[in-house]
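K.L.:
Below you will find the structure I want to go over with you.
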Number of protein chains: 6
Amino acid sequence: MVSSIQNLIQLALAEDIGSGDVTSNSIIPQNAKAEALIISKSDGIIAGVDIACEIFLFVDKTIYPEFFVSDGDRIKEGQKLAIVYGPARSILTAERTVLNFLQRLSGIATDTSKYVSAVSGYKAKIVDTRKTTPGWRVLEKYAVRVGGGNNHRFGLYDAVLIKDNHIAISGSISNAVAKARNQVPFTMKIEVETENLVQVQEAIDSGADIIMLDNMSIDMMYQAVNLINGRAIVEASGGIRLDNVSAVAATGVDFISIGALTSAAMPLDISMDVIIGGNQGES
Amino acid sequence: MVSSIQNLIQLALAEDIGSGDVTSNSIIPQNAKAEALIISKSDGIIAGVDIACEIFLFVDKTIYPEFFVSDGDRIKEGQKLAIVYGPARSILTAERTVLNFLQRLSGIATDTSKYVSAVSGYKAKIVDTRKTTPGWRVLEKYAVRVGGGNNHRFGLYDAVLIKDNHIAISGSISNAVAKARNQVPFTMKIEVETENLVQVQEAIDSGADIIMLDNMSIDMMYQAVNLINGRAIVEASGGIRLDNVSAVAATGVDFISIGALTSAAMPLDISMDVIIGGNQGES
Amino acid sequence: MVSSIQNLIQLALAEDIGSGDVTSNSIIPQNAKAEALIISKSDGIIAGVDIACEIFLFVDKTIYPEFFVSDGDRIKEGQKLAIVYGPARSILTAERTVLNFLQRLSGIATDTSKYVSAVSGYKAKIVDTRKTTPGWRVLEKYAVRVGGGNNHRFGLYDAVLIKDNHIAISGSISNAVAKARNQVPFTMKIEVETENLVQVQEAIDSGADIIMLDNMSIDMMYQAVNLINGRAIVEASGGIRLDNVSAVAATGVDFISIGALTSAAMPLDISMDVIIGGNQGES
Amino acid sequence: MVSSIQNLIQLALAEDIGSGDVTSNSIIPQNAKAEALIISKSDGIIAGVDIACEIFLFVDKTIYPEFFVSDGDRIKEGQKLAIVYGPARSILTAERTVLNFLQRLSGIATDTSKYVSAVSGYKAKIVDTRKTTPGWRVLEKYAVRVGGGNNHRFGLYDAVLIKDNHIAISGSISNAVAKARNQVPFTMKIEVETENLVQVQEAIDSGADIIMLDNMSIDMMYQAVNLINGRAIVEASGGIRLDNVSAVAATGVDFISIGALTSAAMPLDISMDVIIGGNQGES
Amino acid sequence: MVSSIQNLIQLALAEDIGSGDVTSNSIIPQNAKAEALIISKSDGIIAGVDIACEIFLFVDKTIYPEFFVSDGDRIKEGQKLAIVYGPARSILTAERTVLNFLQRLSGIATDTSKYVSAVSGYKAKIVDTRKTTPGWRVLEKYAVRVGGGNNHRFGLYDAVLIKDNHIAISGSISNAVAKARNQVPFTMKIEVETENLVQVQEAIDSGADIIMLDNMSIDMMYQAVNLINGRAIVEASGGIRLDNVSAVAATGVDFISIGALTSAAMPLDISMDVIIGGNQGES
Amino acid sequence: MVSSIQNLIQLALAEDIGSGDVTSNSIIPQNAKAEALIISKSDGIIAGVDIACEIFLFVDKTIYPEFFVSDGDRIKEGQKLAIVYGPARSILTAERTVLNFLQRLSGIATDTSKYVSAVSGYKAKIVDTRKTTPGWRVLEKYAVRVGGGNNHRFGLYDAVLIKDNHIAISGSISNAVAKARNQVPFTMKIEVETENLVQVQEAIDSGADIIMLDNMSIDMMYQAVNLINGRAIVEASGGIRLDNVSAVAATGVDFISIGALTSAAMPLDISMDVIIGGNQGES
């Protein structure tokens, strides 16, 4: 089926290729073949192998990409990740788009893995947010999982998250939770965002399934976790960086959500080197 | 017309809203109105005002967003950027997508402006590359212009860029340029990527319109600029950072292309605060 | 934004209008106006007022439909539901598609309301299933809510429902629940389908959020409800009809899911009568 | 090509799968294989075999569905209709959508066959109307043919059907027919809807190709058939049920159109049982 | 609704504008306004006024085009057809696409009118074929009507046309007609292509609604018309040009189909001259 | 990927096939096979072989088309161009669309080759314009190349062309060129349209890359070429026909652009004859 991922690939290829790759089409013979290596230029976690293959095949079904690594593998600078064989024109046309996807997704997986390592030993799990690149939601959340993280809700449609604005309009947390519980599919959990211990207590009393501690101090988080005492899942959120994430984990929260996982990840440097075959100019 | 930008907005809203915003729809009355402020939480250059408005209107034609700034304006932490008035549900549904676009585009404009400042006084202009986020090409190149940069080609379709792989298959630079000149629209320029002075000389002799100096040392760039001596436009590329960009500009090149402008820009922190009106619950 | 509902409207109008309404276009003058009444020909609950308006506007933005009823209103045979004013050609072109939507959605709302009435006095709520007409999921689930029912999950993406096949492959209920808990967004609930009391006990032990009693006898449902004793939400499912639904509700289950709500609802009979204005042939 | 049917399949899978089948993807190993039987749970006429296969392949090209029956075959309760082999995840993801299509189309074919049987011995043929489920026109009309019925026009584009509203605006039947005859492709037939014998006579005189007897009594139909006397094709329409259809056929009409064929057919009960292979967890 | 015509406009604008009109966007101030005249540079029949307006509005909703002529009007060289007011950038961006549509459609209408004039006095009507420009079927058939012609079937879906190949596979004309009569909607006419009088007789006997005389001599056409004697509609086809069309009409055929109407029409020369207003640079 | 060409094929097949080919589907057995020859009925240059194959496969992946000629080959009246083997229904369904594409593209290639021959011996090259059939830009420009011509810019996005209107708004040619040079990607060329020698001199002074001589007399063209003297590429445009094109070429211009190449080409007559196999009726 045509998924949102395929729509994004389609959009990406359309914007790059447009009315045609004038360089490859004018210089490279139509029947020339090529081999190319995809090589990592830094250490990290690879993500996006399947989508890279899909992009090559979108451009030309006769390209044959073979990856030596799988998503989630730790890769080293200089490591050969894949060999690609097929029509030279098509490989060159696909190159930039393939790399742009691989670099971005691997960057996210790599950054996520650092956060995951930083909280190892604690029960807390690292989760993403909705601060994803528009158009990339499913892919970027996948890359977070590849990096060892877990996912928060995918969008506005698959879980209730009651924020200050919703509470203000409803009058109270308990009112807001009651309305949601009555209206949304009973298969959905309801989360409430809290900023202080009074709100935490209200959220507990309202029967919220999940309580988010938003931008709280470490000290207040300890108190909130004690207050909740297992009656709801606890999520810490806001202002969490690699240098303070383990302190947050130490408070006993269940999940730590970090927007920077997807909005501020550096691309992992990956390149493609074309190896010219011997017979491509003859036929 | 339905542009690639509208396709991206469509994709972004679809992935976030899916079958509906269960929180807003269950908690907020259908006829509740709200006002919201969009506020900058850091200093930078704003970009994306028009697209932010377009997203609000995509979600609900009765939202009325009013921005106090225009793309390219320098903004300060704490500055009010816009006020948004309309149905409370719709504003909350649009919030995250609007912010994700604004933050990303403003981040690119802000970063670009730093590079542009760094080369002020030199004739060299800062340009982007094709290392853009797939699906975002036109938008990100726009943000680079907003930040004071210029654009390299938009894709594979609007200029010829002959790289090492093309040269290898064609046998020589002169052969590759000749083939391209004969095949592509005569309205297009032809650029050749070079790695040393021998290649630079070949590119000059082939009649290339633009010569790229790829990953050359500062010293070699000086020699290349002298060798070319105005017979072609000169572009420096590869490994250029904020701390060495002025040294590159000093060599006399015409353009400096930087992939990090679009692939490694940090989002600018921008938030939305809903101000609840007094009459939303009554009607 | 272009929602799945708009895609369906588009598909519906395209299949009916195709290359043009040859009858109206050949017989009715382009500038003829008409008024039409939409009238109910049976008793029931109306649903689809907004989508009916949207269809008229899709066909022609200058049609002006005014409804006298809102979704959820109880309507009587012979009741005038709406008056529609605009270009005669366009109103006739839209007629069949509008009625097909209104009849189907109102039929579902009407049938649902009968089940809801049948369990009044019990805590059990009536919910739908995924046995919806392909392409109509969001609309039909909306009609169920209009009729007073609640919704089960919208699709495969917004809740976990572990069925016998999943259990068989995983080896056990506890294994399946554990895997799901570890992989899916922590914001999602996990439901387990059970066929007997042994499975119910396993589901309780695995920490399932919801336990479905599938095709159980009334007697076994009583025992299951007692066994679960509030440790999970309880859903009854399978073979439930209007004549036995209150007996199911009496067992103390929380939700009763009924596929026939959407797959076997009779359309509510609604028609459109065009009232010819006096000036349509003159201008 | 991308037909309207493929658009509907796409819409159906998108609404059910959304951002992913969280249950199957989290519980079932990616390389697990499964076999499944599709079994009828009631007697009827099967329709939709090809589209069922197409849906499986839309979800996953490596699913291998093999049907033992063809569209139009009479099937029995308990009969094995197909065996499906392939990746366990994909089969479970496709299951509900496949069954929703099969059940609906087979239900229509089954109901149609009852009407066809009821008029056997008469020349009258059973035909459908435009009271189809929006989005399903081509499929439902196909199911009617599978059940032994014939088709009325597919939409507003492939035949002229002049109704009371058209007549009212044109001033007379003869005027309306003349206008249509002059404007529409000469390859199209023109049908006129009549409510009494005066109108029937006018329709004959106007040269209509087909005359519809709308909501007439059995007695009036006899007279109309005599009046027309072979000068036009005769269609009976309105209020025709299984218990009065043979009386209508006995009047000598050529075609009997029945909206309930498509708008009120009960789904045929068909289910899928997964048979777990022994090696799916090992590879 | 999104019709096939809007898809074509979308395709046309996308291929011309792509990532943006670099000339207008760089040279013309964003707020500059302009007036432009659309002027005919030859005599003919205008067609496409509505679609021209639609294209302007697709590009920019604030363009205001006002036409002084309606489709079907006879226009003269030098005649002002329209004045267009709005943003200068947008008008220039839309110009070429608007003219390409207007010129092509007006060319078809103009050519058609010549054929229609040539057979005036005869009962024969001029009709088009399916030799239309792919993507333009509905528009080109509309232009034929504007020029005074009538339409043959719109596509493979709205009438049966049995050609030699169908006959060969079926064994005989009578067999082919019988099969079609039994299978297709009874609302459709059946046409048979014949090449000689024996086939004409078979077509009559089979009860064909329309008989096409394909590539027959004038003499044979006379005999065929006599043979058919009103028992079927008669269409002449094949090798008919402006210089022999009246001879064909004189044979008494009902319709004359001409592929060149749409496949070989010359565009009518129409241009746009921008009149610069005095205030465009000031605001 | 889904290119604009595939969108056009999709549009073309949708408009012709609609809800189904009623003739083939009713008369020809589903399993009947056929062979068909594609034959040229006039002399010319073939273009569109690949797209013809693609259309056949769009309709039915099991059609096997084999062409004996390649794009650019000179073909003769009566020459067999291809043999097509596959399901009889599908071949007949695809026939008209395939021929419509082949005839149009081959017509353009054939006409272009006549212009190219007419200027042989001169350095001037024949190029197209943007006067293409909307929706067909990439295909028609391809056909021009097949006929031996070169391409002008593909659209508004890949080169700057400053016309009188742009100049008028900017105040002067030099001002317009300067603005464009500052704003557009530096990889793009800038062309200026001139109508007299004063403008030519201004265009030279402004540093334009290309100067268009628009509707100039042969005499003025000679002077313009002398004036420019190699400092810019020279394009002649306007009012150029097959009978005066060599005189234009003799002036020494580099390129001659001709709108009629694409807007006024006659289709090349090509037909398909089905050869019936012996076994299609048996299975």
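Following the order of the structure tokens, first chain is A, next is B, and so on, with residues numbered from 1 inside each chain and ligands from 1 in the order they appear.
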Taking only C-alpha atoms into account and nothing else, which residues of chain B lie no more than 10 Å away from chain E? Please answer as a list in words.
P.N.:
Met1, Val2, Ser3, Ser4, Ile5, Arg137, Val138, Phe154, Gly155 and Asp158 of chain B
K.L.:
If you count only C-alpha atoms, which residues fall within 12 Å of Asn175 (chain B), apart from same-chain ones fewer than 4 positions away, as a list in words?
P.N.:
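My reading of the contact set: Ser26, Ile27 and Ile28 of chain A; Ile162, His166, Ile167, Ala168, Ile169, Ser170, Gly171, Lys179, Ala180, Arg181, Asn182, Val192, Glu202, Ala203, Asp205, Ser206, Gly207 and Ala208 of chain B.
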K.L.:
Select, from B:Val144, B:Ala52, B:Leu197, B:Ala124, the residue with the minimum atom-to-atom distance to Asp214 (chain B), counting only C-alpha atoms.
P.N.:
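The answer is B:Leu197, which sits nearest to Asp214 (chain B).
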K.L.:
E:Lys33, E:Lys141, E:Arg241, E:Lys163: which is nearest Ile256 (chain E), counting only C-alpha atoms?
P.N.:
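Answer, going by the shortest atom-to-atom distance: E:Arg241.
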K.L.:
DSSP on the backbone: which residues in region 14-220 of chain B end up as alpha helix (DSSP H)? Give the answer as a PyMOL selection string.
P.N.:
chain B and resi 14-17+22-27+49-59+88-118+137-146+164-170+173-183+197-206+218-220
K.L.:
Between region 100-158 of chain F and region 90-111 of chain E, at 9 Å or less, what are the per-residue closest atom pairs and their distances in Å? Count only C-alpha atoms, order by chain and rising residue number, and return it as CSV.
P.N.:
```
residue,atom,partner,partner_atom,distance
F:Arg130,CA,E:Arg96,CA,7.3
F:Lys131,CA,E:Asn100,CA,6.3
F:Thr132,CA,E:Asn100,CA,7.1
F:Thr133,CA,E:Asn100,CA,6.7
F:Pro134,CA,E:Asn100,CA,6.7
F:Leu156,CA,E:Thr93,CA,7.7
```
K.L.:
Those residues with C-alpha atoms, as an mmCIF file, in the first residue's frame please?
P.N.:
```cif
data_model
loop_
_atom_site.group_PDB
_atom_site.id
_atom_site.type_symbol
_atom_site.label_atom_id
_atom_site.label_comp_id
_atom_site.auth_asym_id
_atom_site.auth_seq_id
_atom_site.Cartn_x
_atom_site.Cartn_y
_atom_site.Cartn_z
ATOM 1 C CA ARG F 130 7.074 26.562 -23.808
ATOM 2 C CA LYS F 131 4.217 26.431 -26.342
ATOM 3 C CA THR F 132 3.680 22.779 -25.515
ATOM 4 C CA THR F 133 0.449 20.926 -24.894
ATOM 5 C CA PRO F 134 -0.338 21.422 -21.197
ATOM 6 C CA LEU F 156 9.770 28.951 -15.441
#
```
K.L.:
Report as a PyMOL selection string: the residues of region 47-239 of chain D with a DSSP assignment of strand (DSSP E or B), based on the backbone of this structure.
P.N.:
chain D and resi 64-67+74-75+80-87+125-127+150+160-162+188+190-194+210-214+233-237
K.L.:
Now that the selection is made, can you save its residues with N, CA and C atoms as a tab-separated table (two decimals), in the first residue's frame?
P.N.:
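Generated output (part-v8.tsv):
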```tsv
chain	number	residue	atom	x	y	z
D	64	TYR	N	0.65	-15.35	-0.41
D	64	TYR	CA	0.18	-16.17	-1.51
D	64	TYR	C	-1.22	-16.71	-1.19
D	65	PRO	N	-2.26	-16.04	-1.71
D	65	PRO	CA	-3.62	-16.51	-1.45
D	65	PRO	C	-4.10	-17.43	-2.56
D	66	GLU	N	-4.70	-18.57	-2.21
D	66	GLU	CA	-5.23	-19.49	-3.22
D	66	GLU	C	-6.70	-19.78	-2.92
D	67	PHE	N	-7.56	-19.36	-3.81
D	67	PHE	CA	-8.99	-19.57	-3.62
D	67	PHE	C	-9.43	-20.86	-4.33
D	74	ARG	N	-21.84	-21.05	-5.79
D	74	ARG	CA	-22.70	-21.19	-4.62
D	74	ARG	C	-21.87	-21.86	-3.52
D	75	ILE	N	-21.83	-21.27	-2.33
D	75	ILE	CA	-21.01	-21.83	-1.25
D	75	ILE	C	-21.90	-22.21	-0.07
D	80	LYS	N	-14.50	-24.48	2.96
D	80	LYS	CA	-13.21	-23.79	2.86
D	80	LYS	C	-13.16	-23.05	1.54
D	81	LEU	N	-12.99	-21.77	1.60
D	81	LEU	CA	-12.98	-20.95	0.38
D	81	LEU	C	-11.58	-20.70	-0.15
D	82	ALA	N	-10.61	-20.63	0.77
D	82	ALA	CA	-9.26	-20.30	0.34
D	82	ALA	C	-8.26	-20.69	1.40
D	83	ILE	N	-7.03	-20.87	0.96
D	83	ILE	CA	-5.92	-20.99	1.89
D	83	ILE	C	-4.94	-19.87	1.55
D	84	VAL	N	-4.41	-19.27	2.59
D	84	VAL	CA	-3.51	-18.12	2.41
D	84	VAL	C	-2.20	-18.45	3.12
D	85	TYR	N	-1.10	-18.27	2.41
D	85	TYR	CA	0.20	-18.57	2.98
D	85	TYR	C	1.10	-17.35	2.89
D	86	GLY	N	1.87	-17.08	3.92
D	86	GLY	CA	2.79	-15.94	3.86
D	86	GLY	C	3.20	-15.46	5.23
D	87	PRO	N	3.84	-14.28	5.27
D	87	PRO	CA	4.28	-13.71	6.55
D	87	PRO	C	3.10	-13.55	7.51
D	125	LYS	N	-35.67	-8.83	-16.15
D	125	LYS	CA	-34.36	-8.98	-15.53
D	125	LYS	C	-34.25	-8.04	-14.33
D	126	ILE	N	-33.52	-8.52	-13.33
D	126	ILE	CA	-33.31	-7.72	-12.12
D	126	ILE	C	-32.11	-6.79	-12.34
D	127	VAL	N	-32.28	-5.51	-12.08
D	127	VAL	CA	-31.16	-4.56	-12.20
D	127	VAL	C	-31.04	-3.71	-10.93
D	150	ASN	N	-28.56	-7.77	-13.72
D	150	ASN	CA	-27.97	-6.90	-14.73
D	150	ASN	C	-27.79	-5.51	-14.14
D	160	VAL	N	-28.98	8.89	-20.12
D	160	VAL	CA	-29.87	9.98	-19.71
D	160	VAL	C	-31.07	9.38	-18.99
D	161	LEU	N	-31.35	9.88	-17.81
D	161	LEU	CA	-32.56	9.48	-17.09
D	161	LEU	C	-33.29	10.75	-16.68
D	162	ILE	N	-34.41	10.99	-17.36
D	162	ILE	CA	-35.17	12.22	-17.14
D	162	ILE	C	-36.22	11.98	-16.07
D	188	MET	N	-25.86	7.52	-26.72
D	188	MET	CA	-26.53	7.27	-25.44
D	188	MET	C	-28.03	7.08	-25.59
D	190	ILE	N	-31.91	7.33	-23.94
D	190	ILE	CA	-32.63	8.30	-23.11
D	190	ILE	C	-33.81	7.59	-22.44
D	191	GLU	N	-33.84	7.68	-21.12
D	191	GLU	CA	-34.92	7.07	-20.34
D	191	GLU	C	-35.77	8.17	-19.69
D	192	VAL	N	-37.07	7.89	-19.61
D	192	VAL	CA	-37.97	8.85	-18.98
D	192	VAL	C	-38.70	8.15	-17.83
D	193	GLU	N	-38.73	8.83	-16.68
D	193	GLU	CA	-39.46	8.32	-15.52
D	193	GLU	C	-40.91	8.78	-15.61
D	194	THR	N	-41.85	7.85	-15.46
D	194	THR	CA	-43.27	8.21	-15.55
D	194	THR	C	-44.02	7.72	-14.31
D	210	ILE	N	-36.21	4.26	-23.29
D	210	ILE	CA	-36.61	3.45	-22.13
D	210	ILE	C	-37.66	4.24	-21.35
D	211	ILE	N	-38.66	3.55	-20.85
D	211	ILE	CA	-39.68	4.20	-20.03
D	211	ILE	C	-39.71	3.52	-18.67
D	212	MET	N	-39.51	4.32	-17.61
D	212	MET	CA	-39.55	3.78	-16.27
D	212	MET	C	-40.95	3.99	-15.68
D	213	LEU	N	-41.51	2.90	-15.14
D	213	LEU	CA	-42.79	2.96	-14.45
D	213	LEU	C	-42.48	3.09	-12.97
D	214	ASP	N	-42.64	4.29	-12.42
D	214	ASP	CA	-42.15	4.56	-11.07
D	214	ASP	C	-43.26	4.45	-10.05
D	233	ILE	N	-38.15	0.16	-24.23
D	233	ILE	CA	-37.83	-0.77	-23.16
D	233	ILE	C	-38.58	-0.31	-21.91
D	234	VAL	N	-39.10	-1.25	-21.12
D	234	VAL	CA	-39.89	-0.88	-19.94
D	234	VAL	C	-39.19	-1.33	-18.66
D	235	GLU	N	-39.05	-0.38	-17.74
D	235	GLU	CA	-38.43	-0.66	-16.44
D	235	GLU	C	-39.42	-0.35	-15.32
D	236	ALA	N	-39.58	-1.32	-14.41
D	236	ALA	CA	-40.38	-1.08	-13.21
D	236	ALA	C	-39.46	-0.69	-12.07
D	237	SER	N	-39.93	0.23	-11.24
D	237	SER	CA	-39.07	0.73	-10.16
D	237	SER	C	-39.91	1.20	-8.98
```
